file start-v3.txt (compact mmCIF, C-alpha atoms)
# COMPACT_ATOMS: atom_id res chain seq x y z
CA MET A 1 -40.91 21.75 -6.97
CA ALA A 2 -38.79 19.32 -5.06
CA ILE A 3 -39.44 15.73 -6.07
CA THR A 4 -40.31 13.39 -3.24
CA ASN A 5 -39.46 9.75 -2.75
CA SER A 6 -43.09 8.74 -3.10
CA TYR A 7 -43.27 10.57 -6.44
CA ILE A 8 -40.17 8.67 -7.69
CA GLN A 9 -41.71 5.40 -6.54
CA GLU A 10 -44.98 6.28 -8.26
CA LYS A 11 -43.25 7.06 -11.57
CA LEU A 12 -41.18 3.87 -11.45
CA THR A 13 -44.14 1.66 -10.62
CA GLU A 14 -46.17 3.32 -13.38
CA LYS A 15 -43.42 2.55 -15.91
CA PHE A 16 -42.11 -0.84 -14.73
CA GLY A 17 -44.99 -2.26 -12.69
CA GLU A 18 -43.99 -5.45 -10.91
CA GLN A 19 -40.36 -5.26 -11.99
CA VAL A 20 -39.35 -2.69 -9.40
CA THR A 21 -39.65 -3.99 -5.86
CA ASN A 22 -38.43 -3.67 -2.29
CA PHE A 23 -38.90 0.08 -1.99
CA GLU A 24 -37.58 1.32 1.29
CA GLU A 25 -36.53 4.61 2.75
CA THR A 26 -33.50 4.64 5.04
CA TYR A 27 -32.47 7.98 6.53
CA GLY A 28 -34.60 9.74 3.93
CA MET A 29 -32.92 8.06 0.96
CA LEU A 30 -35.00 5.95 -1.38
CA SER A 31 -33.73 2.50 -2.26
CA PHE A 32 -35.25 -0.17 -4.49
CA GLU A 33 -34.29 -3.14 -6.64
CA SER A 34 -35.13 -4.69 -9.96
CA PRO A 35 -34.15 -7.85 -11.88
CA LYS A 36 -30.68 -7.50 -13.31
CA GLU A 37 -31.93 -7.64 -16.92
CA PHE A 38 -33.75 -4.36 -16.30
CA ASN A 39 -30.85 -2.41 -14.84
CA LEU A 40 -30.14 -0.35 -17.97
CA LYS A 41 -33.80 0.27 -18.71
CA VAL A 42 -34.36 1.59 -15.19
CA LEU A 43 -31.20 3.72 -15.28
CA GLN A 44 -32.12 5.09 -18.70
CA PHE A 45 -35.65 5.91 -17.55
CA LEU A 46 -34.35 7.69 -14.45
CA TYR A 47 -31.93 9.61 -16.69
CA ASP A 48 -34.35 10.60 -19.45
CA GLU A 49 -37.58 11.27 -17.59
CA PRO A 50 -37.65 15.09 -17.36
CA THR A 51 -39.21 15.23 -13.90
CA LEU A 52 -36.68 12.75 -12.48
CA SER A 53 -33.42 13.37 -14.42
CA PHE A 54 -31.02 11.38 -12.27
CA GLN A 55 -28.10 12.26 -14.50
CA PHE A 56 -25.16 11.91 -12.14
CA MET A 57 -23.72 8.63 -10.90
CA THR A 58 -22.21 9.13 -7.44
CA ASP A 59 -21.14 5.59 -6.78
CA LEU A 60 -21.25 2.09 -8.14
CA THR A 61 -20.17 -0.86 -6.06
CA ALA A 62 -21.16 -4.36 -5.03
CA VAL A 63 -22.00 -6.28 -1.87
CA HIS A 64 -21.57 -9.99 -1.27
CA TYR A 65 -24.29 -11.77 0.73
CA PRO A 66 -23.09 -15.39 0.82
CA LYS A 67 -26.24 -16.61 2.62
CA GLN A 68 -28.74 -15.41 -0.01
CA VAL A 69 -28.59 -18.41 -2.33
CA GLY A 70 -29.17 -17.45 -5.96
CA ARG A 71 -28.79 -13.73 -5.30
CA GLU A 72 -25.43 -13.54 -3.58
CA LEU A 73 -24.06 -10.45 -5.27
CA ALA A 74 -25.77 -7.07 -5.22
CA VAL A 75 -24.64 -4.34 -7.59
CA VAL A 76 -25.51 -0.98 -6.08
CA TYR A 77 -25.95 2.24 -8.07
CA HIS A 78 -26.07 5.57 -6.30
CA LEU A 79 -27.70 8.25 -8.43
CA HIS A 80 -28.04 11.97 -7.87
CA ASN A 81 -30.36 14.54 -9.34
CA LEU A 82 -28.14 17.62 -9.19
CA VAL A 83 -30.93 20.09 -9.96
CA GLU A 84 -33.28 19.01 -7.18
CA ASN A 85 -30.49 17.62 -4.96
CA VAL A 86 -32.20 14.27 -4.54
CA ARG A 87 -30.34 10.98 -4.25
CA LEU A 88 -31.44 7.38 -4.61
CA ARG A 89 -30.01 3.91 -4.35
CA PHE A 90 -30.76 1.21 -6.91
CA LYS A 91 -29.75 -2.45 -6.52
CA VAL A 92 -29.72 -5.45 -8.80
CA PHE A 93 -28.96 -8.91 -7.48
CA THR A 94 -27.17 -11.66 -9.34
CA ASP A 95 -26.12 -15.27 -8.84
CA VAL A 96 -22.49 -15.67 -7.83
CA ASN A 97 -22.01 -18.38 -10.45
CA THR A 98 -23.16 -16.19 -13.35
CA PRO A 99 -22.21 -12.67 -12.27
CA ASP A 100 -23.13 -11.04 -15.58
CA VAL A 101 -24.61 -7.56 -15.39
CA PHE A 102 -24.99 -5.12 -18.27
CA THR A 103 -22.52 -2.25 -18.15
CA ALA A 104 -23.72 1.25 -17.34
CA SER A 105 -20.60 2.81 -18.86
CA LYS A 106 -22.45 3.78 -22.07
CA LEU A 107 -24.86 5.86 -20.02
CA PHE A 108 -22.48 7.25 -17.38
CA GLU A 109 -18.79 7.81 -18.16
CA ALA A 110 -18.17 7.64 -14.41
CA ALA A 111 -19.26 4.01 -14.41
CA ASN A 112 -16.23 2.95 -16.45
CA TRP A 113 -13.61 2.87 -13.70
CA MET A 114 -16.12 2.11 -10.95
CA GLU A 115 -17.18 -1.02 -12.82
CA ARG A 116 -13.52 -1.97 -13.22
CA GLU A 117 -13.08 -1.58 -9.48
CA THR A 118 -16.21 -3.64 -8.82
CA TYR A 119 -14.90 -6.32 -11.15
CA ASP A 120 -11.53 -6.17 -9.40
CA PHE A 121 -12.94 -6.79 -5.94
CA PHE A 122 -16.13 -8.78 -6.52
CA GLY A 123 -15.72 -10.33 -9.96
CA ILE A 124 -18.88 -8.88 -11.46
CA ASN A 125 -18.68 -9.44 -15.21
CA PHE A 126 -20.01 -6.22 -16.74
CA VAL A 127 -21.26 -7.28 -20.15
CA GLY A 128 -20.27 -4.74 -22.81
CA HIS A 129 -17.66 -2.92 -20.75
CA PRO A 130 -14.94 -1.47 -23.04
CA ASN A 131 -11.95 -2.37 -20.85
CA LEU A 132 -12.85 -4.75 -18.04
CA LYS A 133 -9.58 -5.45 -16.24
CA ARG A 134 -8.18 -4.93 -12.75
CA VAL A 135 -7.63 -1.33 -11.74
CA LEU A 136 -6.39 -1.34 -8.12
CA ASN A 137 -4.95 -4.77 -7.36
CA VAL A 138 -1.96 -6.43 -8.97
CA ASP A 139 -2.68 -7.98 -12.35
CA GLU A 140 -1.42 -11.39 -11.19
CA MET A 141 -4.12 -11.69 -8.52
CA ASP A 142 -6.26 -14.74 -9.29
CA TYR A 143 -9.19 -14.19 -6.95
CA PHE A 144 -11.65 -11.46 -5.95
CA PRO A 145 -10.55 -10.34 -2.50
CA LEU A 146 -13.76 -8.80 -1.15
CA ARG A 147 -15.86 -11.90 -1.72
CA LYS A 148 -16.58 -13.40 1.64
CA GLU A 149 -15.12 -16.83 0.90
CA PHE A 150 -11.62 -15.37 0.82
CA PRO A 151 -9.99 -14.61 4.17
CA LEU A 152 -8.84 -11.05 4.55
CA GLU A 153 -5.32 -11.99 5.64
CA ASP A 154 -2.60 -12.52 3.11
CA GLN A 155 -2.52 -16.26 2.46
CA THR A 156 1.06 -16.18 1.20
CA ARG A 157 2.58 -15.28 4.54
CA ILE A 158 4.81 -17.97 6.03
CA ASP A 159 6.58 -16.19 8.85
CA LYS A 160 3.73 -15.11 11.08
CA ASP A 161 2.72 -16.98 14.21
CA ASP A 162 -1.08 -17.23 14.27
CA GLU A 163 -1.13 -17.21 18.05
CA MET A 164 0.52 -13.81 18.16
CA PHE A 165 -2.20 -12.42 15.90
CA GLY A 166 -5.16 -13.65 17.94
CA ARG A 167 -6.25 -16.50 15.70
CA GLY A 168 -4.37 -19.41 17.25
CA MET B 1 3.60 4.21 42.49
CA ARG B 2 6.40 3.08 40.29
CA PRO B 3 9.15 5.65 40.08
CA VAL B 4 9.72 6.87 36.57
CA ARG B 5 13.31 6.53 35.51
CA PHE B 6 14.62 7.09 32.08
CA ASN B 7 17.68 5.60 30.54
CA ILE B 8 19.09 3.92 33.63
CA LYS B 9 21.89 2.38 31.62
CA ALA B 10 23.00 5.56 29.94
CA LYS B 11 26.15 5.34 27.88
CA THR B 12 28.39 8.33 27.87
CA ALA B 13 29.02 9.77 24.45
CA ASN B 14 32.17 8.59 22.80
CA ILE B 15 33.32 10.28 19.63
CA ALA B 16 35.06 7.11 18.50
CA ASP B 17 31.73 5.24 18.53
CA ALA B 18 30.18 7.82 16.26
CA ILE B 19 32.74 8.37 13.57
CA GLY B 20 34.80 5.26 14.20
CA ALA B 21 38.08 4.89 15.91
CA PRO B 22 41.14 5.17 13.70
CA PRO B 23 41.82 1.81 12.14
CA PRO B 24 44.82 -0.19 13.37
CA GLY B 25 47.96 0.98 11.61
CA PHE B 26 51.39 2.48 11.95
CA ALA B 27 51.58 6.13 12.94
CA GLY B 28 54.58 8.40 12.92
CA GLU B 29 55.43 12.05 12.76
CA GLY B 30 53.16 13.45 10.05
CA PHE B 31 52.05 10.16 8.49
CA PHE B 32 49.80 7.21 9.15
CA SER B 33 49.73 3.97 7.22
CA THR B 34 47.00 1.37 7.32
CA LYS B 35 45.03 -1.02 5.13
CA MET B 36 43.27 0.34 2.05
CA SER B 37 40.01 -1.41 2.91
CA ASP B 38 39.92 0.26 6.34
CA VAL B 39 40.35 3.70 4.81
CA VAL B 40 37.67 2.99 2.21
CA GLY B 41 35.31 1.73 4.89
CA LEU B 42 35.94 4.78 7.06
CA ALA B 43 35.28 7.09 4.14
CA ARG B 44 32.16 5.27 2.99
CA LYS B 45 30.50 4.99 6.37
CA ASN B 46 30.84 8.69 7.07
CA SER B 47 29.57 9.84 3.69
CA LEU B 48 26.50 7.72 2.98
CA TRP B 49 23.95 9.17 0.60
CA PRO B 50 20.51 8.00 1.69
CA LEU B 51 17.67 7.59 -0.75
CA PRO B 52 14.41 8.00 1.18
CA PHE B 53 11.62 5.78 -0.12
CA ALA B 54 8.94 7.11 2.20
CA THR B 55 5.36 5.98 1.74
CA SER B 56 3.66 6.65 5.08
CA CYS B 57 4.06 7.65 8.72
CA CYS B 58 7.62 6.30 9.07
CA GLY B 59 8.49 8.85 6.41
CA ILE B 60 7.21 11.58 8.72
CA GLU B 61 9.53 10.29 11.44
CA PHE B 62 12.36 10.36 8.92
CA MET B 63 11.60 14.01 8.21
CA ALA B 64 12.09 14.66 11.92
CA THR B 65 15.29 12.63 11.79
CA MET B 66 16.60 14.78 8.95
CA ALA B 67 15.56 18.05 10.57
CA SER B 68 17.66 20.12 12.93
CA HIS B 69 16.62 18.52 16.22
CA TYR B 70 17.87 15.00 15.45
CA ASP B 71 19.99 15.98 12.46
CA LEU B 72 21.01 12.91 10.51
CA SER B 73 23.66 14.99 8.76
CA ARG B 74 25.84 14.61 11.88
CA PHE B 75 26.47 11.08 10.60
CA GLY B 76 27.73 12.20 7.23
CA ALA B 77 24.37 11.76 5.56
CA GLU B 78 23.92 15.44 4.84
CA ARG B 79 23.05 14.88 1.23
CA VAL B 80 19.77 13.06 0.74
CA GLY B 81 19.66 12.09 -2.88
CA PHE B 82 16.49 11.60 -4.82
CA SER B 83 18.03 9.68 -7.67
CA PRO B 84 18.77 6.01 -7.05
CA ARG B 85 21.78 6.21 -9.36
CA GLN B 86 23.58 8.55 -6.95
CA CYS B 87 22.74 6.91 -3.65
CA ASP B 88 24.28 4.21 -1.46
CA LEU B 89 21.58 3.58 1.10
CA LEU B 90 17.96 2.80 0.27
CA MET B 91 15.78 3.69 3.25
CA VAL B 92 12.36 2.10 2.85
CA MET B 93 9.93 3.73 5.24
CA GLY B 94 6.31 2.74 5.18
CA THR B 95 3.81 0.26 3.84
CA ILE B 96 4.74 -1.24 0.50
CA SER B 97 1.75 -2.61 -1.38
CA LYS B 98 2.15 -5.57 -3.69
CA LYS B 99 1.57 -3.28 -6.63
CA MET B 100 4.50 -1.14 -5.52
CA GLY B 101 6.82 -4.13 -5.07
CA PRO B 102 8.13 -4.06 -8.67
CA VAL B 103 8.69 -0.29 -8.39
CA LEU B 104 10.78 -0.73 -5.25
CA ARG B 105 12.75 -3.49 -6.92
CA GLN B 106 13.37 -1.27 -9.95
CA VAL B 107 14.66 1.50 -7.69
CA TYR B 108 16.99 -0.99 -6.00
CA LEU B 109 18.27 -2.25 -9.35
CA GLN B 110 19.01 1.30 -10.46
CA MET B 111 21.34 1.87 -7.52
CA ALA B 112 25.02 1.28 -8.16
CA GLU B 113 27.08 -1.10 -6.06
CA PRO B 114 27.89 -0.93 -3.24
CA ARG B 115 24.38 -0.43 -1.96
CA TRP B 116 22.68 -1.03 1.35
CA VAL B 117 19.03 -1.27 2.35
CA ILE B 118 17.39 -0.38 5.64
CA ALA B 119 13.75 -1.34 6.32
CA VAL B 120 12.31 1.26 8.71
CA GLY B 121 9.22 0.34 10.68
CA ALA B 122 6.98 -2.67 11.07
CA CYS B 123 5.35 -2.39 7.63
CA ALA B 124 8.53 -2.35 5.60
CA SER B 125 9.99 -5.12 7.77
CA SER B 126 7.04 -7.50 7.91
CA GLY B 127 3.86 -5.96 6.58
CA GLY B 128 3.03 -4.81 10.09
CA ILE B 129 -0.63 -4.61 10.95
CA PHE B 130 -1.52 -4.82 7.26
CA ASP B 131 -1.79 -8.58 7.06
CA THR B 132 -3.99 -8.29 4.01
CA TYR B 133 -4.29 -9.23 0.36
CA SER B 134 -2.88 -5.99 -0.98
CA VAL B 135 0.25 -5.45 1.13
CA LEU B 136 3.69 -6.92 0.66
CA GLN B 137 4.58 -8.88 3.81
CA GLY B 138 8.01 -7.29 4.23
CA ILE B 139 10.26 -5.82 1.57
CA ASP B 140 12.71 -8.69 1.99
CA GLN B 141 10.39 -10.61 -0.31
CA VAL B 142 11.62 -8.52 -3.23
CA ILE B 143 15.01 -7.07 -2.25
CA PRO B 144 17.72 -8.02 0.26
CA VAL B 145 17.67 -5.98 3.48
CA ASP B 146 20.67 -5.18 5.69
CA VAL B 147 19.07 -3.63 8.78
CA TYR B 148 15.52 -3.73 10.12
CA VAL B 149 14.30 -0.97 12.44
CA PRO B 150 11.33 -2.01 14.61
CA GLY B 151 8.58 0.36 15.65
CA CYS B 152 5.25 1.61 14.43
CA PRO B 153 6.53 4.14 13.61
CA PRO B 154 10.03 4.08 15.12
CA ARG B 155 11.17 7.19 16.89
CA PRO B 156 13.94 9.21 15.26
CA GLU B 157 16.39 7.78 17.80
CA ALA B 158 15.55 4.30 16.52
CA ILE B 159 16.08 5.36 12.92
CA ILE B 160 19.43 6.88 13.88
CA ASP B 161 20.35 3.66 15.68
CA GLY B 162 19.47 1.68 12.56
CA PHE B 163 21.55 4.09 10.52
CA MET B 164 24.52 3.56 12.86
CA ARG B 165 24.16 -0.23 12.47
CA ILE B 166 24.36 0.35 8.72
CA GLN B 167 27.48 2.43 9.32
CA ASP B 168 29.01 -0.48 11.26
CA LEU B 169 28.30 -2.79 8.33
CA VAL B 170 29.70 -0.33 5.81
CA GLY B 171 32.83 0.36 7.83
CA GLN B 172 33.69 -3.30 8.28
CA GLU B 173 32.81 -4.49 4.82
CA SER B 174 35.62 -5.88 2.72
CA VAL B 175 36.11 -4.03 -0.53
CA ARG B 176 35.87 -7.40 -2.30
CA ARG B 177 32.66 -8.56 -0.63
CA ARG B 178 30.52 -7.56 -3.59
CA ASN B 179 32.46 -9.92 -5.83
CA GLY B 180 32.09 -12.83 -3.43
CA GLU B 181 30.22 -16.06 -4.14
CA GLN B 182 28.02 -15.58 -1.08
CA TYR B 183 26.90 -12.14 -2.19
CA LYS B 184 26.17 -13.33 -5.71
CA ALA B 185 24.15 -16.22 -4.31
CA LEU B 186 22.16 -13.78 -2.18
CA LEU B 187 21.32 -11.63 -5.19
CA ASN B 188 20.52 -14.68 -7.27
CA SER B 189 18.04 -15.82 -4.65
CA TYR B 190 16.16 -12.61 -5.46
CA GLY B 191 16.50 -13.20 -9.18
CA ILE B 192 19.03 -10.37 -9.59
CA GLU B 193 22.06 -11.03 -11.77
call {"tool": "encode", "arguments": {"input": "start-v3.txt", "output": "structure tokens"}}
result
Amino acid sequence: MAITNSYIQEKLTEKFGEQVTNFEETYGMLSFESPKEFNLKVLQFLYDEPTLSFQFMTDLTAVHYPKQVGRELAVVYHLHNLVENVRLRFKVFTDVNTPDVFTASKLFEAANWMERETYDFFGINFVGHPNLKRVLNVDEMDYFPLRKEFPLEDQTRIDKDDEMFGRG
Amino acid sequence: MRPVRFNIKAKTANIADAIGAPPPGFAGEGFFSTKMSDVVGLARKNSLWPLPFATSCCGIEFMATMASHYDLSRFGAERVGFSPRQCDLLMVMGTISKKMGPVLRQVYLQMAEPRWVIAVGACASSGGIFDTYSVLQGIDQVIPVDVYVPGCPPRPEAIIDGFMRIQDLVGQESVRRRNGEQYKALLNSYGIE
């Protein structure tokens, strides 16, 4: 029996009640959010519950929404049930000033490097991560380049004429 | 409609341009005497060993340059070495990220003097379109560069032209230039002893 999105939503609401919110279905893929303190509980439930068994982490990344005060950073988990071939998207939001989120690397080995990458680009502090350091950028980098407050262009350049690059 | 005309200022091929005219000297029956530095320059410029440091599409153009149609070996660069310790000419072709900067510098340091560097393409010369947090804005931030080849990517003709400019430099270089104060100051400005 293929599990449906409404069945997943039903199971989650039954277990977590008011803590899981903002259910939506975009292009057939379920997406919802929970408070960041519950991220491991929700992931563990989705992993352990025999009828759900979302035991494969496809992706883990973050999004920066500078206009949502108090919930600027979203950490996004993409999970996959390989048996039923069902995917879902799970988000937790956090304040940009205290970007502490519990690490999922104890539950999914795949989360280890993906959390390092997310730390590298967005500065999410994954509490409990075994080796939280930069993985793609140079170690000397002192900012998180994909946060919106940092311009995309290299700020160290001195020889380029802004007018020639369309930002004069 | 505008008539299409190619190469309206075509230069006729001149063998002396390619391999270099014989240096000024005294010739007689069966002998020729000239300055040592001229002979060394002539020998060096026609037997450069390039080290390709190819990271992206300019490297593909270099492959065409090396292949039979354009044939870089006509210029004495038959032997492309893949060890920096054997090579004279570092050809940097492609985008160099900031994380690769120290690697490129290490490769340069491993080359023995005399050594020359050619930056092929917009990315190696200036960062090109990648004006971004992860890309080195020109390899001259980490190593000294002798010749820049523009283009994105440059055609093989442009790479060959850049190579011939390198040959001009090599042929005219004094054998004592590498011991000069100016050269040491240049290397020191890059933090190289």
call {"tool": "closest_atom_pairs", "arguments": {"input": "start-v3.txt", "of": "chain B", "to": "chain A", "cutoff": "7 Å", "atoms": "only C-alpha atoms", "output": "Markdown table"}}
result
| residue | atom | partner | partner_atom | distance |
| --- | --- | --- | --- | --- |
| B:Lys98 | CA | A:Val138 | CA | 6.7 |
| B:Lys99 | CA | A:Val138 | CA | 5.3 |
| B:Asp131 | CA | A:Glu153 | CA | 5.1 |
| B:Thr132 | CA | A:Glu153 | CA | 4.3 |
| B:Tyr133 | CA | A:Asp154 | CA | 4.6 |
| B:Ser134 | CA | A:Asn137 | CA | 6.8 |
| B:Gln137 | CA | A:Arg157 | CA | 6.7 |
call {"tool": "residues_near_point", "arguments": {"input": "start-v3.txt", "point": "(27.1, 7.9, 9.1)", "cutoff": "12 Å", "atoms": "all atoms listed in the file", "output": "ChimeraX atom specification"}}
result
/B:17-20,41-50,71-79,88-89,159-171
call {"tool": "residues_near_point", "arguments": {"input": "start-v3.txt", "point": "(-31.5, 4.2, -8.3)", "cutoff": "6 Å", "atoms": "all atoms listed in the file", "output": "NGL selection string"}}
result
:A and (77-79 or 88-90)
call {"tool": "residues_around", "arguments": {"input": "start-v3.txt", "residues": "B:Tyr190", "least_positions_apart": "5", "cutoff": "10 Å", "atoms": "only C-alpha atoms", "output": "PDB file with C-alpha atoms, in the coordinates of the input"}}
result
ATOM      1  CA  ARG B 105      12.750  -3.490  -6.920  1.00  0.00           C
ATOM      2  CA  ASP B 140      12.710  -8.690   1.990  1.00  0.00           C
ATOM      3  CA  GLN B 141      10.390 -10.610  -0.310  1.00  0.00           C
ATOM      4  CA  VAL B 142      11.620  -8.520  -3.230  1.00  0.00           C
ATOM      5  CA  ILE B 143      15.010  -7.070  -2.250  1.00  0.00           C
ATOM      6  CA  PRO B 144      17.720  -8.020   0.260  1.00  0.00           C
ATOM      7  CA  ALA B 185      24.150 -16.220  -4.310  1.00  0.00           C
TER       8      ALA B 185
END
call {"tool": "atom_distance", "arguments": {"input": "start-v3.txt", "atom1": "atom CA of B:Pro114", "atom2": "atom CA of B:Pro84"}}
result
12.1 Å
call {"tool": "atom_distance", "arguments": {"input": "start-v3.txt", "atom1": "atom CA of B:Ile118", "atom2": "atom CA of B:Val135"}}
result
18.4 Å
